[in-house]
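So this block is final_24.txt, compact mmCIF, C-alpha atoms:
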# COMPACT_ATOMS: atom_id res chain seq x y z
CA MET A 1 83.10 116.41 89.31
CA ALA A 2 83.16 119.80 91.02
CA ALA A 3 84.11 118.20 94.33
CA TRP A 4 86.96 116.29 92.72
CA ALA A 5 88.19 119.51 91.08
CA VAL A 6 88.36 121.07 94.54
CA ILE A 7 90.26 118.06 95.88
CA GLY A 8 92.63 118.40 92.93
CA ARG A 9 93.40 121.94 94.09
CA ILE A 10 93.88 120.93 97.71
CA ILE A 11 96.39 118.16 96.97
CA PRO A 12 99.25 120.22 95.41
CA VAL A 13 98.88 122.99 97.99
CA ALA A 14 98.77 120.68 101.00
CA PHE A 15 101.16 117.96 99.85
CA GLY A 16 103.52 119.76 97.47
CA PRO A 17 106.56 119.19 99.73
CA LEU A 18 106.14 115.43 99.29
CA PHE A 19 106.70 115.79 95.55
CA ALA A 20 109.76 117.95 96.23
CA LEU A 21 111.12 115.36 98.65
CA THR A 22 111.49 112.85 95.83
CA GLY A 23 113.85 115.15 93.96
CA ALA A 24 115.77 116.09 97.10
CA VAL A 25 116.45 112.61 98.47
CA GLY A 26 117.71 111.14 95.19
CA PRO A 27 121.06 113.00 95.04
CA ILE A 28 121.70 112.21 98.71
CA LEU A 29 121.26 108.49 98.06
CA GLY A 30 123.43 108.64 94.96
CA GLN A 31 126.20 110.52 96.75
CA ASN A 32 126.34 108.03 99.61
CA LEU A 33 126.26 105.11 97.19
CA GLY A 34 129.19 106.57 95.27
CA GLY A 35 131.04 107.25 98.51
CA ARG A 36 130.45 103.65 99.67
CA ARG A 37 128.66 104.88 102.78
CA TYR A 38 126.09 102.10 102.72
CA ASP A 39 125.18 102.73 106.34
CA ARG A 40 123.87 106.14 105.33
CA LEU A 41 121.59 104.73 102.63
CA ARG A 42 119.31 103.19 105.23
CA GLU A 43 119.53 106.31 107.39
CA THR A 44 118.50 108.49 104.44
CA VAL A 45 115.50 106.34 103.55
CA LYS A 46 114.45 106.12 107.20
CA ALA A 47 114.81 109.88 107.75
CA SER A 48 112.79 110.61 104.60
CA LEU A 49 110.04 108.27 105.75
CA THR A 50 110.00 109.90 109.19
CA LEU A 51 109.74 113.35 107.63
CA THR A 52 106.87 112.15 105.45
CA VAL A 53 104.94 110.73 108.41
CA VAL A 54 105.39 113.85 110.53
CA TYR A 55 104.54 116.30 107.74
CA VAL A 56 101.47 114.45 106.49
CA SER A 57 100.20 113.90 110.03
CA VAL A 58 100.30 117.65 110.70
CA VAL A 59 98.65 118.53 107.38
CA TRP A 60 96.07 115.79 107.84
CA ALA A 61 95.14 117.16 111.26
CA VAL A 62 94.75 120.67 109.83
CA LEU A 63 92.58 119.43 106.96
CA ALA A 64 90.44 117.30 109.25
CA LEU A 65 89.81 120.12 111.72
CA SER A 66 89.02 122.66 109.00
CA ARG A 67 87.15 120.32 106.64
CA ASN A 68 83.82 122.12 106.96
CA ALA A 69 85.35 125.53 106.36
CA ILE A 70 87.32 124.27 103.36
CA SER A 71 84.37 122.52 101.75
CA SER A 72 82.12 125.57 102.12
CA VAL A 73 84.52 128.04 100.46
CA PHE A 74 84.08 126.78 96.89
CA GLY A 75 80.29 127.06 96.57
CA LEU A 76 79.68 123.33 96.28
CA THR A 77 76.39 121.57 96.74
CA ALA A 78 75.74 119.71 99.98
CA GLU A 79 76.81 116.45 98.34
CA GLY A 80 80.00 118.04 97.01
CA GLN A 81 80.84 119.47 100.42
CA ALA A 82 80.38 116.03 101.96
CA ILE A 83 82.83 114.52 99.46
CA VAL A 84 85.49 117.18 100.12
CA ALA A 85 85.01 116.82 103.87
CA PHE A 86 85.37 113.04 103.54
CA PHE A 87 88.67 113.47 101.73
CA CYS A 88 89.99 115.87 104.37
CA LEU A 89 88.89 113.65 107.24
CA PHE A 90 89.92 110.22 105.94
CA ALA A 91 91.65 110.00 102.56
CA ALA A 92 94.22 112.74 103.22
CA GLY A 93 95.96 110.36 105.62
CA SER A 94 96.76 108.02 102.74
CA PHE A 95 99.41 110.50 101.61
CA ILE A 96 101.63 109.05 104.32
CA PHE A 97 101.80 105.94 102.15
CA LEU A 98 101.96 107.87 98.88
CA GLY A 99 104.92 109.76 100.32
CA ALA A 100 106.50 106.43 101.25
CA LEU A 101 106.00 105.32 97.65
CA PHE A 102 107.68 108.51 96.41
CA VAL A 103 110.68 107.94 98.68
CA ALA A 104 110.91 104.31 97.59
CA ASN A 105 110.83 105.38 93.93
CA ALA A 106 113.71 107.77 94.55
CA ALA A 107 115.66 104.92 96.14
CA PHE A 108 114.93 102.57 93.24
CA ASN A 109 115.89 105.12 90.58
CA ASN A 110 119.15 106.12 92.27
CA LEU A 111 120.29 102.72 93.51
CA GLY A 112 120.17 100.84 90.23
CA ALA A 113 116.65 99.38 90.32
CA PRO A 114 114.50 101.61 88.07
CA LEU A 115 112.30 98.70 87.00
CA LEU A 116 111.03 98.41 90.56
CA SER A 117 109.95 102.05 90.41
CA THR A 118 108.11 101.39 87.15
CA ALA A 119 106.47 98.26 88.54
CA PHE A 120 105.19 99.92 91.70
CA ASN A 121 103.94 103.03 89.89
CA TRP A 122 102.18 100.96 87.24
CA GLY A 123 100.79 98.62 89.87
CA ARG A 124 99.33 101.43 91.95
CA ALA A 125 97.79 103.10 88.90
CA THR A 126 96.14 99.87 87.73
CA LEU A 127 95.85 97.03 90.25
CA GLY A 128 95.85 99.45 93.17
CA THR A 129 93.24 101.74 91.65
CA ILE A 130 90.83 100.19 89.15
CA PRO A 131 89.45 97.22 91.16
CA LEU A 132 89.24 99.14 94.44
CA VAL A 133 87.67 102.21 92.85
CA TRP A 134 85.14 100.05 91.01
CA LEU A 135 84.23 98.21 94.20
CA GLY A 136 84.12 101.40 96.25
CA SER A 137 81.86 103.14 93.76
CA HIS A 138 79.36 100.29 93.95
CA LEU A 139 79.41 100.17 97.74
CA ALA A 140 79.62 103.84 98.72
CA GLY A 141 79.36 106.02 95.62
CA ALA A 142 81.78 108.93 95.20
CA GLN A 143 83.17 108.54 98.70
CA GLY A 144 83.86 104.90 97.92
CA VAL A 145 85.90 105.97 94.89
CA ILE A 146 88.09 108.17 97.10
CA LEU A 147 88.40 105.42 99.68
CA GLY A 148 89.38 102.90 97.01
CA GLN A 149 92.21 105.13 95.82
CA ALA A 150 93.38 105.58 99.39
CA LEU A 151 93.44 101.84 100.06
CA GLY A 152 95.47 101.25 96.90
CA ALA A 153 97.97 103.89 97.99
CA ILE A 154 98.30 102.22 101.40
CA ALA A 155 98.93 98.77 99.92
CA PHE A 156 101.51 99.83 97.36
CA GLY A 157 103.16 102.37 99.66
CA VAL A 158 103.85 99.71 102.28
CA ALA A 159 105.05 97.19 99.68
CA ALA A 160 107.34 99.74 98.00
CA MET A 161 108.92 100.79 101.28
CA VAL A 162 109.59 97.17 102.25
CA ALA A 163 111.22 96.63 98.85
CA ALA A 164 113.32 99.79 99.26
CA PHE A 165 114.74 98.68 102.62
CA ARG A 166 115.47 95.23 101.18
CA LEU A 167 117.33 96.85 98.27
CA VAL A 168 119.44 98.90 100.67
CA ARG A 169 120.28 95.81 102.73
CA LYS A 170 121.17 93.88 99.58
CA ILE A 171 123.52 96.61 98.38
CA ALA A 172 125.22 96.84 101.76
CA ALA A 173 125.58 93.06 102.06
CA SER A 174 126.94 92.51 98.54
CA ALA A 175 129.37 95.43 98.53
CA GLY A 176 130.34 95.63 102.19
CA ASP A 177 133.11 93.02 102.02
CA ARG A 178 134.54 94.24 98.72
CA ASN A 179 134.26 97.94 99.53
CA PRO A 180 134.52 98.45 103.28
CA VAL A 181 133.37 101.71 104.76
CA PRO A 182 136.37 104.07 104.84
CA GLU A 183 137.71 105.06 108.22
CA PRO A 184 136.73 108.59 109.21
CA TYR A 185 139.45 111.19 109.40
CA PRO A 186 140.66 111.87 112.95
CA ALA A 187 139.27 114.97 114.55
CA ASN A 188 142.73 116.31 115.52
CA PRO A 189 145.36 114.69 113.31
CA GLU A 190 148.95 114.91 114.46
CA LEU A 191 151.06 116.92 112.06
CA PRO A 192 154.82 116.35 111.67
CA ALA A 193 157.07 118.80 113.45
CA LEU A 194 158.41 121.66 111.35
CA SER A 195 162.04 121.31 110.28
CA SER A 196 164.51 123.81 111.64
CA PRO A 197 166.67 125.94 109.31
CA HIS A 198 169.74 123.95 110.41
CA ASP A 199 168.23 120.77 108.92
CA ALA A 200 168.05 122.26 105.45
CA THR A 201 170.72 121.33 102.94
CA ALA A 202 172.70 124.28 101.75
CA ILE A 203 172.51 125.02 98.05
CA GLU A 204 175.92 125.68 96.55
CA PRO A 205 176.08 128.62 94.15
Please re-express this file's structure in structure tokens.
Amino acid sequence: MAAWAVIGRIIPVAFGPLFALTGAVGPILGQNLGGRRYDRLRETVKASLTLTVVYVSVVWAVLALSRNAISSVFGLTAEGQAIVAFFCLFAAGSFIFLGALFVANAAFNNLGAPLLSTAFNWGRATLGTIPLVWLGSHLAGAQGVILGQALGAIAFGVAAMVAAFRLVRKIAASAGDRNPVPEPYPANPELPALSSPHDATAIEP
């Protein structure tokens, strides 16, 4: 329990920006949907996923390299330190897929498919957690519990991201013909020549 409490403190500090990303990407998706810029929907989802992969990879590397120092700070037993070190070395990488799930949820909620967000969240919390955690606890104890949660996050993160890209393609395909992408404004539009004073019609008193 003490080791899991420590992990619970590490997660918001290390991966807080992932939770903020969900709130930031939603308005961008909604704005481009309203502006009929369907090409930018895919770009936004792809850029968010890229940012998630890069950020989590850097944080994961830091946690893995400093796992022994982190686990020894909180006065845990040897078993507790091993659990925290296991999380830093292996399970922290699963936040790449949790971040993908967060981005997909933002896409679902802002592109008219909130039930998909509910389904994936519920699925990860039940089907993606309970069986794998139960199996992991029987095979590897506390570390197996952490590994089971990580595997569930991987499975549902991948599935949610695939569904998000399919949703974007469906929106673009169904609305592209009816609402074509507007032509961009020219960089240097030609303005009409100014009229001379001689062209003006005199106003009689």
Coordinates-based distance that separates atom CA of A:Phe90 from atom CA of A:Ile146 (Å, one decimal):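 Interatomic distance here is 9.3 Å.
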Point (101.5, 103.1, 92.7), cut-off 12 Å, counting only C-alpha atoms, residues as JSON, numbers by chain: {"A": [95, 97, 98, 99, 100, 101, 102, 103, 104, 105, 116, 117, 118, 119, 120, 121, 122, 123, 124, 125, 126, 127, 128, 129, 130, 149, 150, 151, 152, 153, 154, 155, 156, 157, 158, 159, 160, 161]}
Contact residues around A:Phe87 with all atoms listed in the file at 9 Å, ignoring same-chain residues under 2 positions, as a list in words: Ile7, Leu63, Ala64, Arg67, Ala82, Ile83, Val84, Ala85, Leu89, Phe90, Ala91, Ala92, Gly93, Gln143, Ile146 and Leu147 of chain A
I'd like the neighbourhood of stretch 78-80 of chain A as an mmCIF file with C-alpha atoms, in the coordinates of the input, where a residue qualifies if any of its atoms comes within 9 Å (using only C-alpha atoms), though same-chain residues fewer than 4 positions away should be ignored.
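In the end it all went to selection-v1.cif:
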data_model
loop_
_atom_site.group_PDB
_atom_site.id
_atom_site.type_symbol
_atom_site.label_atom_id
_atom_site.label_comp_id
_atom_site.auth_asym_id
_atom_site.auth_seq_id
_atom_site.Cartn_x
_atom_site.Cartn_y
_atom_site.Cartn_z
ATOM 1 C CA MET A 1 83.100 116.410 89.310
ATOM 2 C CA ALA A 2 83.160 119.800 91.020
ATOM 3 C CA ALA A 3 84.110 118.200 94.330
ATOM 4 C CA TRP A 4 86.960 116.290 92.720
ATOM 5 C CA SER A 71 84.370 122.520 101.750
ATOM 6 C CA SER A 72 82.120 125.570 102.120
ATOM 7 C CA VAL A 84 85.490 117.180 100.120
ATOM 8 C CA ALA A 85 85.010 116.820 103.870
#
What does the distance from atom CA of A:Val168 to atom CA of A:Asn110 come to in Å, to one decimal?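 That distance, rounded to one decimal, is 11.1 Å.
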Quote the spacing between atom CA of A:Leu139 and atom CA of A:Ala61 in Å to one decimal place.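 Atom CA of A:Leu139 sits 26.8 Å away from atom CA of A:Ala61.
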My list of candidates is A:Ala5, A:Leu76, A:Ala173, A:Ala106. Which is closest to A:Ala24 when distances are computed with all atoms listed in the file? A:Ala106
Could stretch 142-161 of chain A be completed with N, CA and C atoms and returned as a tab-separated table (two decimals), keeping the file's coordinate frame?
chain	number	residue	atom	x	y	z
A	142	ALA	N	80.59	108.10	95.41
A	142	ALA	CA	81.78	108.93	95.20
A	142	ALA	C	82.77	108.80	96.35
A	143	GLN	N	82.27	108.71	97.56
A	143	GLN	CA	83.17	108.54	98.70
A	143	GLN	C	83.89	107.20	98.63
A	144	GLY	N	83.22	106.19	98.10
A	144	GLY	CA	83.86	104.90	97.92
A	144	GLY	C	84.98	104.95	96.90
A	145	VAL	N	84.83	105.80	95.88
A	145	VAL	CA	85.90	105.97	94.89
A	145	VAL	C	87.15	106.54	95.57
A	146	ILE	N	86.96	107.57	96.39
A	146	ILE	CA	88.09	108.17	97.10
A	146	ILE	C	88.72	107.17	98.06
A	147	LEU	N	87.88	106.42	98.75
A	147	LEU	CA	88.40	105.42	99.68
A	147	LEU	C	89.16	104.32	98.96
A	148	GLY	N	88.68	103.92	97.78
A	148	GLY	CA	89.38	102.90	97.01
A	148	GLY	C	90.76	103.35	96.60
A	149	GLN	N	90.89	104.60	96.16
A	149	GLN	CA	92.21	105.13	95.82
A	149	GLN	C	93.13	105.15	97.03
A	150	ALA	N	92.57	105.52	98.17
A	150	ALA	CA	93.38	105.58	99.39
A	150	ALA	C	93.88	104.19	99.79
A	151	LEU	N	93.02	103.19	99.69
A	151	LEU	CA	93.44	101.84	100.06
A	151	LEU	C	94.52	101.32	99.12
A	152	GLY	N	94.42	101.65	97.84
A	152	GLY	CA	95.47	101.25	96.90
A	152	GLY	C	96.79	101.91	97.22
A	153	ALA	N	96.74	103.18	97.61
A	153	ALA	CA	97.97	103.89	97.99
A	153	ALA	C	98.60	103.26	99.22
A	154	ILE	N	97.78	102.86	100.18
A	154	ILE	CA	98.30	102.22	101.40
A	154	ILE	C	99.01	100.91	101.05
A	155	ALA	N	98.36	100.08	100.25
A	155	ALA	CA	98.93	98.77	99.92
A	155	ALA	C	100.25	98.90	99.19
A	156	PHE	N	100.29	99.73	98.16
A	156	PHE	CA	101.51	99.83	97.36
A	156	PHE	C	102.57	100.68	98.05
A	157	GLY	N	102.17	101.61	98.90
A	157	GLY	CA	103.16	102.37	99.66
A	157	GLY	C	103.92	101.49	100.63
A	158	VAL	N	103.20	100.62	101.34
A	158	VAL	CA	103.85	99.71	102.28
A	158	VAL	C	104.76	98.74	101.54
A	159	ALA	N	104.25	98.16	100.44
A	159	ALA	CA	105.05	97.19	99.68
A	159	ALA	C	106.31	97.83	99.10
A	160	ALA	N	106.19	99.06	98.59
A	160	ALA	CA	107.34	99.74	98.00
A	160	ALA	C	108.39	100.06	99.06
A	161	MET	N	107.96	100.47	100.24
A	161	MET	CA	108.92	100.79	101.28
A	161	MET	C	109.65	99.54	101.77
